[in-house]
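*Asks:* Dropping in input_18.pdb, which is PDB, C-alpha atoms:
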```pdb
ATOM      1  CA  MET A 161      95.540 -68.050 -41.699
ATOM      2  CA  GLN A 162      94.810 -64.402 -41.063
ATOM      3  CA  ILE A 163      91.748 -62.292 -41.807
ATOM      4  CA  SER A 164      91.720 -58.596 -40.993
ATOM      5  CA  LYS A 165      89.898 -55.363 -41.691
ATOM      6  CA  TYR A 166      91.378 -51.857 -41.529
ATOM      7  CA  LEU A 167      89.138 -48.849 -40.995
ATOM      8  CA  VAL A 168      89.287 -45.088 -41.430
ATOM      9  CA  ALA A 169      87.947 -42.669 -38.808
ATOM     10  CA  ASN A 170      87.213 -39.032 -39.591
ATOM     11  CA  PRO A 171      87.941 -36.143 -37.176
ATOM     12  CA  HIS A 172      84.305 -36.011 -36.096
ATOM     13  CA  ASP A 173      84.432 -39.704 -35.111
ATOM     14  CA  GLY A 174      87.351 -38.851 -32.855
ATOM     15  CA  LEU A 175      85.096 -36.589 -30.790
ATOM     16  CA  TRP A 176      83.127 -39.701 -29.765
ATOM     17  CA  GLY A 177      86.045 -40.585 -27.491
ATOM     18  CA  LEU A 178      87.279 -43.758 -29.154
ATOM     19  CA  THR A 179      87.894 -44.880 -32.726
ATOM     20  CA  VAL A 180      88.800 -48.311 -34.127
ATOM     21  CA  SER A 181      91.471 -48.809 -36.780
ATOM     22  CA  THR A 182      91.729 -52.584 -37.222
ATOM     23  CA  VAL A 183      89.929 -55.818 -36.350
ATOM     24  CA  GLY A 184      91.194 -59.294 -37.128
ATOM     25  CA  TYR A 185      91.602 -62.981 -36.420
ATOM     26  CA  GLU A 186      94.455 -65.398 -37.008
ATOM     27  CA  GLU A 187      95.157 -69.107 -36.692
ATOM     28  CA  ILE A 188      98.753 -70.229 -36.334
ATOM     29  CA  ALA A 189      99.193 -73.995 -36.600
ATOM     30  CA  PRO A 190     102.170 -75.715 -34.944
ATOM     31  CA  ASP A 191     105.403 -74.906 -36.807
ATOM     32  CA  ASP A 192     103.731 -72.278 -39.039
ATOM     33  CA  ASP A 193     105.722 -69.171 -39.954
ATOM     34  CA  TYR A 194     105.149 -66.215 -37.650
ATOM     35  CA  PRO A 195     104.413 -63.305 -37.892
ATOM     36  CA  THR A 196     101.822 -63.793 -40.618
ATOM     37  CA  HIS A 197     101.885 -61.702 -43.787
ATOM     38  CA  GLY A 198      99.269 -59.239 -44.987
ATOM     39  CA  HIS A 199      99.506 -56.603 -42.244
ATOM     40  CA  ALA A 200      99.117 -52.982 -43.294
ATOM     41  CA  ASP A 201     101.981 -50.490 -43.047
ATOM     42  CA  GLY A 202     102.742 -49.672 -39.449
ATOM     43  CA  TYR A 203     101.462 -53.006 -38.108
ATOM     44  CA  TYR A 204     103.896 -55.654 -39.358
ATOM     45  CA  PHE A 205     106.809 -56.360 -37.050
ATOM     46  CA  ASN A 206     110.026 -58.305 -37.044
ATOM     47  CA  LEU A 207     109.854 -60.888 -34.269
ATOM     48  CA  SER A 208     113.330 -60.192 -32.866
ATOM     49  CA  LYS A 209     113.137 -56.400 -33.176
ATOM     50  CA  GLY A 210     109.522 -56.033 -31.996
ATOM     51  CA  ARG A 211     107.539 -52.913 -32.767
ATOM     52  CA  ILE A 212     105.948 -49.754 -31.343
ATOM     53  CA  LEU A 213     102.359 -48.828 -32.235
ATOM     54  CA  ASN A 214     100.657 -45.435 -32.083
ATOM     55  CA  GLU A 215      97.427 -47.015 -30.804
ATOM     56  CA  TYR A 216      96.113 -49.519 -28.281
ATOM     57  CA  GLN A 217      95.406 -53.112 -29.280
ATOM     58  CA  LEU A 218      93.519 -55.743 -27.309
ATOM     59  CA  LEU A 219      94.228 -59.381 -28.214
ATOM     60  CA  TYR A 220      92.430 -62.509 -27.009
ATOM     61  CA  LEU A 221      93.798 -66.044 -27.252
ATOM     62  CA  THR A 222      91.091 -68.657 -27.688
ATOM     63  CA  GLU A 223      93.513 -71.568 -28.190
ATOM     64  CA  GLY A 224      97.226 -72.229 -27.789
ATOM     65  CA  GLU A 225      99.912 -70.371 -25.890
ATOM     66  CA  GLY A 226     102.876 -68.115 -26.415
ATOM     67  CA  ILE A 227     105.290 -65.539 -25.025
ATOM     68  CA  PHE A 228     104.826 -61.782 -24.576
ATOM     69  CA  HIS A 229     107.567 -59.172 -24.109
ATOM     70  CA  SER A 230     107.349 -55.399 -23.662
ATOM     71  CA  SER A 231     109.504 -52.564 -22.370
ATOM     72  CA  THR A 232     107.929 -53.165 -18.960
ATOM     73  CA  VAL A 233     107.175 -56.913 -18.874
ATOM     74  CA  LYS A 234     109.750 -59.541 -19.809
ATOM     75  CA  ASN A 235     109.079 -63.106 -21.043
ATOM     76  CA  ALA A 236     105.503 -63.416 -19.800
ATOM     77  CA  GLN A 237     103.598 -66.571 -20.698
ATOM     78  CA  ILE A 238     100.241 -66.088 -22.408
ATOM     79  CA  LYS A 239      97.749 -68.900 -22.921
ATOM     80  CA  ALA A 240      94.216 -69.656 -24.059
ATOM     81  CA  GLY A 241      91.755 -67.499 -22.156
ATOM     82  CA  ASP A 242      94.171 -64.572 -21.787
ATOM     83  CA  LEU A 243      93.589 -61.040 -23.005
ATOM     84  CA  PHE A 244      96.627 -58.817 -23.430
ATOM     85  CA  LEU A 245      96.720 -55.104 -24.033
ATOM     86  CA  LEU A 246      99.274 -53.224 -26.137
ATOM     87  CA  PHE A 247      99.887 -49.563 -25.326
ATOM     88  CA  PRO A 248     100.816 -46.748 -27.735
ATOM     89  CA  GLY A 249     104.497 -45.843 -27.578
ATOM     90  CA  GLU A 250     105.350 -49.057 -25.700
ATOM     91  CA  TRP A 251     107.790 -51.443 -27.373
ATOM     92  CA  HIS A 252     106.491 -55.021 -27.518
ATOM     93  CA  SER A 253     106.846 -58.381 -29.206
ATOM     94  CA  TYR A 254     104.871 -61.614 -28.893
ATOM     95  CA  HIS A 255     104.630 -64.980 -30.596
ATOM     96  CA  PRO A 256     103.005 -68.408 -30.251
ATOM     97  CA  LEU A 257     105.066 -71.346 -29.051
ATOM     98  CA  PRO A 258     106.197 -72.983 -32.324
ATOM     99  CA  GLU A 259     105.170 -76.477 -31.203
ATOM    100  CA  VAL A 260     101.707 -75.315 -30.086
ATOM    101  CA  GLY A 261     100.495 -72.395 -32.219
ATOM    102  CA  TRP A 262      97.419 -70.345 -31.311
ATOM    103  CA  LYS A 263      94.129 -68.817 -32.376
ATOM    104  CA  SER A 264      93.621 -65.166 -31.537
ATOM    105  CA  TYR A 265      91.488 -62.097 -32.136
ATOM    106  CA  TRP A 266      92.690 -58.512 -32.085
ATOM    107  CA  ILE A 267      91.185 -55.043 -32.227
ATOM    108  CA  GLY A 268      93.119 -51.772 -32.491
ATOM    109  CA  PHE A 269      91.835 -48.408 -31.248
ATOM    110  CA  LYS A 270      92.723 -45.027 -29.796
ATOM    111  CA  GLY A 271      90.987 -42.132 -28.057
ATOM    112  CA  GLN A 272      90.547 -40.093 -24.918
ATOM    113  CA  ASN A 273      88.340 -42.768 -23.300
ATOM    114  CA  MET A 274      91.320 -45.116 -23.112
ATOM    115  CA  ASP A 275      93.820 -42.375 -22.312
ATOM    116  CA  SER A 276      91.712 -41.415 -19.297
ATOM    117  CA  ARG A 277      91.621 -45.008 -17.992
ATOM    118  CA  VAL A 278      95.408 -45.199 -18.205
ATOM    119  CA  LEU A 279      95.819 -41.766 -16.623
ATOM    120  CA  HIS A 280      93.679 -42.771 -13.629
ATOM    121  CA  GLY A 281      95.395 -46.114 -13.127
ATOM    122  CA  PHE A 282      92.681 -48.502 -14.279
ATOM    123  CA  LEU A 283      94.981 -49.797 -17.015
ATOM    124  CA  SER A 284      98.766 -49.805 -17.107
ATOM    125  CA  PRO A 285     101.690 -51.130 -19.184
ATOM    126  CA  GLU A 286     102.869 -52.744 -15.933
ATOM    127  CA  LYS A 287      99.825 -55.076 -16.155
ATOM    128  CA  PRO A 288      99.137 -55.863 -19.806
ATOM    129  CA  ILE A 289      97.857 -59.452 -19.363
ATOM    130  CA  TYR A 290      94.425 -60.407 -17.983
ATOM    131  CA  HIS A 291      93.582 -64.013 -17.157
ATOM    132  CA  VAL A 292      89.830 -64.301 -17.755
ATOM    133  CA  GLY A 293      89.503 -67.836 -19.153
ATOM    134  CA  PHE A 294      87.256 -68.651 -22.090
ATOM    135  CA  SER A 295      84.297 -66.284 -22.173
ATOM    136  CA  SER A 296      81.506 -66.632 -24.718
ATOM    137  CA  TRP A 297      80.723 -62.932 -24.126
ATOM    138  CA  ILE A 298      84.216 -61.880 -25.167
ATOM    139  CA  ASP A 299      84.297 -64.303 -28.095
ATOM    140  CA  ASN A 300      80.936 -62.946 -29.320
ATOM    141  CA  MET A 301      82.103 -59.338 -28.936
ATOM    142  CA  TYR A 302      85.090 -59.942 -31.184
ATOM    143  CA  ARG A 303      82.892 -61.709 -33.737
ATOM    144  CA  LEU A 304      80.462 -58.775 -33.632
ATOM    145  CA  ALA A 305      83.330 -56.315 -34.077
ATOM    146  CA  PHE A 306      84.656 -58.157 -37.127
ATOM    147  CA  GLU A 307      81.241 -58.494 -38.799
ATOM    148  CA  THR A 308      80.472 -54.829 -38.085
ATOM    149  CA  ALA A 309      83.835 -53.735 -39.500
ATOM    150  CA  LYS A 310      83.406 -55.956 -42.566
ATOM    151  CA  GLU A 311      79.996 -54.447 -43.383
ATOM    152  CA  GLU A 312      81.299 -50.928 -42.670
ATOM    153  CA  GLY A 313      77.842 -49.392 -42.485
ATOM    154  CA  ALA A 314      77.021 -45.814 -41.574
ATOM    155  CA  PHE A 315      78.388 -44.734 -38.172
ATOM    156  CA  VAL A 316      80.410 -47.929 -37.897
ATOM    157  CA  GLN A 317      82.897 -46.198 -35.581
ATOM    158  CA  GLN A 318      80.261 -45.512 -32.935
ATOM    159  CA  THR A 319      79.180 -49.160 -32.905
ATOM    160  CA  LEU A 320      82.761 -50.403 -32.724
ATOM    161  CA  ALA A 321      83.584 -47.944 -29.938
ATOM    162  CA  GLY A 322      80.759 -49.483 -27.919
ATOM    163  CA  VAL A 323      82.129 -52.975 -28.545
ATOM    164  CA  VAL A 324      85.621 -51.954 -27.409
ATOM    165  CA  ASN A 325      84.309 -50.296 -24.260
ATOM    166  CA  LEU A 326      82.371 -53.448 -23.394
ATOM    167  CA  LEU A 327      85.432 -55.625 -24.073
ATOM    168  CA  ILE A 328      87.595 -53.483 -21.794
ATOM    169  CA  GLY A 329      84.936 -53.565 -19.078
ATOM    170  CA  LEU A 330      84.593 -57.351 -19.340
ATOM    171  CA  MET A 331      88.363 -57.805 -19.277
ATOM    172  CA  TYR A 332      88.717 -55.653 -16.185
ATOM    173  CA  SER A 333      85.792 -57.089 -14.230
ATOM    174  CA  LEU A 334      86.009 -60.777 -15.185
ATOM    175  CA  GLU A 335      89.573 -61.169 -13.932
ATOM    176  CA  ARG A 336      88.795 -59.252 -10.745
ATOM    177  CA  ASN A 337      85.746 -61.414 -10.062
ATOM    178  CA  LEU A 338      87.710 -64.613 -10.678
ATOM    179  CA  GLN A 339      90.220 -63.471  -8.064
ATOM    180  CA  LEU A 340      87.568 -62.491  -5.536
ATOM    181  CA  ASN A 341      85.465 -65.601  -6.090
ATOM    182  CA  SER A 342      88.409 -67.840  -5.240
ATOM    183  CA  ASN A 343      87.326 -67.452  -1.602
ATOM    184  CA  LYS A 344      83.641 -68.411  -1.503
ATOM    185  CA  GLU A 345      83.359 -67.714   2.208
ATOM    186  CA  HIS A 346      84.317 -64.069   1.723
ATOM    187  CA  VAL A 347      82.040 -63.692  -1.301
ATOM    188  CA  ASN A 348      79.087 -65.111   0.612
ATOM    189  CA  MET A 349      79.824 -62.825   3.543
ATOM    190  CA  VAL A 350      79.807 -59.686   1.392
ATOM    191  CA  ASN A 351      76.672 -60.745  -0.508
ATOM    192  CA  HIS A 352      74.880 -61.484   2.750
ATOM    193  CA  ALA A 353      75.929 -58.106   4.142
ATOM    194  CA  ARG A 354      74.682 -56.277   1.069
ATOM    195  CA  ASN A 355      71.312 -57.991   1.357
ATOM    196  CA  ARG A 356      71.087 -57.133   5.062
ATOM    197  CA  ILE A 357      71.875 -53.488   4.343
ATOM    198  CA  ARG A 358      69.279 -53.289   1.555
ATOM    199  CA  GLU A 359      66.590 -54.925   3.693
ATOM    200  CA  THR A 360      67.136 -52.656   6.700
ATOM    201  CA  LEU A 361      67.503 -49.146   5.287
ATOM    202  CA  GLU A 362      64.797 -47.885   7.629
ATOM    203  CA  ASP A 363      65.996 -49.907  10.633
ATOM    204  CA  ASP A 364      68.535 -48.991  13.259
ATOM    205  CA  LEU A 365      71.012 -51.643  12.107
ATOM    206  CA  THR A 366      74.633 -50.513  12.135
ATOM    207  CA  ILE A 367      77.472 -51.934  10.087
ATOM    208  CA  GLN A 368      79.158 -52.960  13.328
ATOM    209  CA  LYS A 369      76.118 -55.086  14.218
ATOM    210  CA  ILE A 370      76.194 -56.766  10.804
ATOM    211  CA  ALA A 371      79.872 -57.633  11.287
ATOM    212  CA  LYS A 372      79.049 -59.050  14.710
ATOM    213  CA  GLU A 373      76.225 -61.164  13.236
ATOM    214  CA  MET A 374      78.788 -62.803  10.943
ATOM    215  CA  SER A 375      81.340 -63.288  13.732
ATOM    216  CA  VAL A 376      84.039 -61.158  12.125
ATOM    217  CA  SER A 377      85.809 -58.045  13.382
ATOM    218  CA  TYR A 378      84.600 -54.742  11.995
ATOM    219  CA  SER A 379      88.026 -53.877  10.565
ATOM    220  CA  ASN A 380      88.304 -57.182   8.663
ATOM    221  CA  PHE A 381      84.703 -56.951   7.494
ATOM    222  CA  ARG A 382      85.204 -53.387   6.236
ATOM    223  CA  LYS A 383      88.373 -54.403   4.367
ATOM    224  CA  LEU A 384      86.708 -57.377   2.644
ATOM    225  CA  PHE A 385      83.587 -55.393   1.784
ATOM    226  CA  LYS A 386      85.572 -52.546   0.224
ATOM    227  CA  GLU A 387      87.811 -54.956  -1.673
ATOM    228  CA  PHE A 388      84.747 -56.572  -3.254
ATOM    229  CA  THR A 389      82.531 -53.501  -3.877
ATOM    230  CA  GLY A 390      85.002 -50.630  -4.104
ATOM    231  CA  VAL A 391      83.296 -48.689  -1.292
ATOM    232  CA  SER A 392      83.127 -49.016   2.474
ATOM    233  CA  PRO A 393      80.003 -50.662   3.968
ATOM    234  CA  CYS A 394      79.018 -47.390   5.662
ATOM    235  CA  LEU A 395      79.175 -45.474   2.405
ATOM    236  CA  TYR A 396      77.288 -48.273   0.641
ATOM    237  CA  GLN A 397      74.535 -48.026   3.253
ATOM    238  CA  GLN A 398      74.417 -44.246   3.051
ATOM    239  CA  ASP A 399      74.193 -44.213  -0.754
ATOM    240  CA  LEU A 400      71.309 -46.701  -0.689
ATOM    241  CA  ARG A 401      69.512 -44.554   1.882
ATOM    242  CA  LEU A 402      69.975 -41.508  -0.333
ATOM    243  CA  GLN A 403      68.536 -43.458  -3.277
ATOM    244  CA  ARG A 404      65.565 -44.417  -1.114
ATOM    245  CA  ALA A 405      65.221 -40.765  -0.104
ATOM    246  CA  LYS A 406      64.848 -39.814  -3.774
ATOM    247  CA  GLU A 407      61.947 -42.268  -4.085
ATOM    248  CA  LEU A 408      60.240 -40.891  -0.989
ATOM    249  CA  LEU A 409      60.737 -37.287  -2.102
ATOM    250  CA  THR A 410      59.153 -38.111  -5.451
ATOM    251  CA  THR A 411      56.326 -40.445  -4.459
ATOM    252  CA  SER A 412      55.309 -39.481  -0.916
ATOM    253  CA  ASN A 413      54.140 -36.429   0.981
ATOM    254  CA  LEU A 414      56.487 -37.055   3.907
ATOM    255  CA  SER A 415      58.330 -33.956   5.069
ATOM    256  CA  ILE A 416      62.098 -33.626   4.728
ATOM    257  CA  LYS A 417      62.346 -34.097   8.487
ATOM    258  CA  GLN A 418      60.236 -37.274   8.434
ATOM    259  CA  ILE A 419      62.295 -38.762   5.593
ATOM    260  CA  ALA A 420      65.553 -37.949   7.370
ATOM    261  CA  TYR A 421      64.528 -39.727  10.575
ATOM    262  CA  GLN A 422      62.791 -42.605   8.778
ATOM    263  CA  LEU A 423      66.052 -43.363   6.956
ATOM    264  CA  ARG A 424      68.054 -43.103  10.194
ATOM    265  CA  PHE A 425      70.035 -39.958   9.434
ATOM    266  CA  GLU A 426      71.296 -38.170  12.538
ATOM    267  CA  SER A 427      69.317 -34.999  11.798
ATOM    268  CA  PRO A 428      67.462 -33.288   8.937
ATOM    269  CA  ASP A 429      70.433 -30.931   8.460
ATOM    270  CA  TYR A 430      72.851 -33.859   8.224
ATOM    271  CA  PHE A 431      70.538 -35.573   5.728
ATOM    272  CA  SER A 432      70.251 -32.414   3.598
ATOM    273  CA  SER A 433      74.020 -31.958   3.641
ATOM    274  CA  LYS A 434      74.731 -35.520   2.477
ATOM    275  CA  PHE A 435      71.952 -35.339  -0.119
ATOM    276  CA  LYS A 436      73.386 -32.142  -1.635
ATOM    277  CA  ILE A 437      76.912 -33.570  -1.701
ATOM    278  CA  LYS A 438      75.595 -36.606  -3.584
ATOM    279  CA  THR A 439      73.198 -34.882  -5.984
ATOM    280  CA  GLY A 440      74.295 -31.253  -6.143
ATOM    281  CA  ILE A 441      70.913 -29.975  -4.940
ATOM    282  CA  THR A 442      68.939 -29.951  -1.669
ATOM    283  CA  PRO A 443      66.101 -32.407  -0.955
ATOM    284  CA  SER A 444      63.558 -29.587  -1.366
ATOM    285  CA  GLU A 445      65.011 -28.617  -4.750
ATOM    286  CA  PHE A 446      64.974 -32.249  -5.845
ATOM    287  CA  ARG A 447      61.314 -32.604  -4.820
ATOM    288  CA  ASN A 448      60.354 -29.451  -6.715
ATOM    289  CA  GLN A 449      62.170 -30.599  -9.858
ATOM    290  CA  THR A 450      60.707 -34.097  -9.896
ATOM    291  CA  ARG A 451      57.209 -32.838  -9.289
TER     292      ARG A 451
END
```
How would this structure read if it were set down as structure tokens?
*Replies:*
Amino acid sequence: MQISKYLVANPHDGLWGLTVSTVGYEEIAPDDDYPTHGHADGYYFNLSKGRILNEYQLLYLTEGEGIFHSSTVKNAQIKAGDLFLLFPGEWHSYHPLPEVGWKSYWIGFKGQNMDSRVLHGFLSPEKPIYHVGFSSWIDNMYRLAFETAKEEGAFVQQTLAGVVNLLIGLMYSLERNLQLNSNKEHVNMVNHARNRIRETLEDDLTIQKIAKEMSVSYSNFRKLFKEFTGVSPCLYQQDLRLQRAKELLTTSNLSIKQIAYQLRFESPDYFSSKFKIKTGITPSEFRNQTR
């Protein structure tokens, strides 16, 4: 069984950054013929020859398992709870195991939003498969996409673009969190450190002292913290202090000098320099604008 919807995007929709061309769902029972029939021109493929698309597609298996091939990845197993991403211009082929079958969603799209993520290395043909497990969020997003496409109301492309962006974000973050959460001790350490940093923005507590509190070397602590958050603990602390500085500049009558020393910056000049790098304006300019 296959149900699908194909959509048309106008040139103005393309300026939004992402447009959706197809949404669908299929159920392949054990020993059913595959691929299914009913695909539009440009989408059907011969199993042995594969195909090349001119768009991205994101597929999600909710049941079953199968095999995925591409120009870059050979004979990769895919199973229930996996998302896999097809890239424009990249040869690929995939199919369920005949004795098992599968249930899957798909959504096809293109646009500069996705091109930018590939360009900057967030997504790559070298890693097309994401192991996220069953997620009710992802399942609901695909259902929402299909119902939205079926109704095809005004500005449907903008709604669907939002769904795709959320799906890609969930895919990227869920797998990463599953990997990181496999070591509870490290997760607890980073969460504890983040709380300590937030609670002591106006105290003279260094990152080195926090590492010492948790009986771990600074170098190992810094590595784990950055792996989990994407930034070093020192930069995390500094950014939170700059956020707090914005609050004080807006809601208090403290001088720039007082705020700098209260938030443990080395000097008012150093504080002003970091603030301008972060915001593009000086603390005085920020205060004048917000007041």
*Asks:* Within 6 Å of range 284-301 of chain A, counting only C-alpha atoms, which residues show up once you throw out same-chain ones fewer than 2 positions away? Write them as a count of residues only, please.
*Replies:* 11
*Asks:* Please list as number ranges by chain every residue within 7 Å of range 401-415 of chain A, counting all atoms listed in the file and excluding residues in the same chain fewer than 5 positions away.
*Replies:* A: 361, 423, 435, 447, 450-451
*Asks:* Name every residue that the PyMOL selection byres ((chain A and resi 371) around 12) selects in this structure, writing the answer as a JSON list (two decimals) with C-alpha atoms, in the frame of the given file with chains first and numbers rising.
*Replies:*
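So selection_2.json came out as:
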```
[["chain", "number", "residue", "atom", "x", "y", "z"],
["A", 349, "MET", "CA", 79.82, -62.82, 3.54],
["A", 350, "VAL", "CA", 79.81, -59.69, 1.39],
["A", 352, "HIS", "CA", 74.88, -61.48, 2.75],
["A", 353, "ALA", "CA", 75.93, -58.11, 4.14],
["A", 354, "ARG", "CA", 74.68, -56.28, 1.07],
["A", 356, "ARG", "CA", 71.09, -57.13, 5.06],
["A", 357, "ILE", "CA", 71.88, -53.49, 4.34],
["A", 365, "LEU", "CA", 71.01, -51.64, 12.11],
["A", 366, "THR", "CA", 74.63, -50.51, 12.14],
["A", 367, "ILE", "CA", 77.47, -51.93, 10.09],
["A", 368, "GLN", "CA", 79.16, -52.96, 13.33],
["A", 369, "LYS", "CA", 76.12, -55.09, 14.22],
["A", 370, "ILE", "CA", 76.19, -56.77, 10.80],
["A", 372, "LYS", "CA", 79.05, -59.05, 14.71],
["A", 373, "GLU", "CA", 76.22, -61.16, 13.24],
["A", 374, "MET", "CA", 78.79, -62.80, 10.94],
["A", 375, "SER", "CA", 81.34, -63.29, 13.73],
["A", 376, "VAL", "CA", 84.04, -61.16, 12.12],
["A", 377, "SER", "CA", 85.81, -58.04, 13.38],
["A", 378, "TYR", "CA", 84.60, -54.74, 12.00],
["A", 379, "SER", "CA", 88.03, -53.88, 10.56],
["A", 380, "ASN", "CA", 88.30, -57.18, 8.66],
["A", 381, "PHE", "CA", 84.70, -56.95, 7.49],
["A", 382, "ARG", "CA", 85.20, -53.39, 6.24],
["A", 383, "LYS", "CA", 88.37, -54.40, 4.37],
["A", 384, "LEU", "CA", 86.71, -57.38, 2.64],
["A", 385, "PHE", "CA", 83.59, -55.39, 1.78],
["A", 393, "PRO", "CA", 80.00, -50.66, 3.97],
["A", 394, "CYS", "CA", 79.02, -47.39, 5.66]]
```
*Asks:* Ranking A:Ile188, A:Leu246, A:Leu178, A:Ala236 by minimum distance to Glu259 in chain A and counting all atoms listed in the file, which one comes first?
*Replies:*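 With all atoms listed in the file as the atom set, the closest residue is A:Ile188.
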*Asks:* Please measure the separation of CA of Thr389 in chain A and CA of Leu326 in chain A, giving the value in Å to one decimal.
*Replies:*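 So the two atoms, CA of Thr389 in chain A and CA of Leu326 in chain A, lie 19.5 Å apart.
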*Asks:* Starting from the shown file, work through the PyMOL selection byres ((chain A and resi 228-231) around 12) and note down what comes out as a PyMOL selection string.
*Replies:* chain A and resi 207-213+219+225-227+232-239+242-257+285-289
*Asks:* What is the CA of Glu223 in chain A to CA of Leu167 in chain A distance in Å?
*Replies:* 26.4 Å
*Asks:* Could you work out an axis-aligned bounding box for all listed atoms of range 254-268 of chain A, with 8 Å added on each of the six sides, and give its centre and edge lengths in Å to one decimal, as AutoDock Vina command-line options?
*Replies:*
```
--center_x 98.7 --center_y -64.1 --center_z -30.7 --size_x 31.0 --size_y 40.7 --size_z 19.6
```
*Asks:* For a test of reading the model, state the distance in Å between CA of Glu311 in chain A and CA of Val183 in chain A, rounded to one decimal.
*Replies:*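 Separating CA of Glu311 in chain A from CA of Val183 in chain A is a distance of 12.2 Å.
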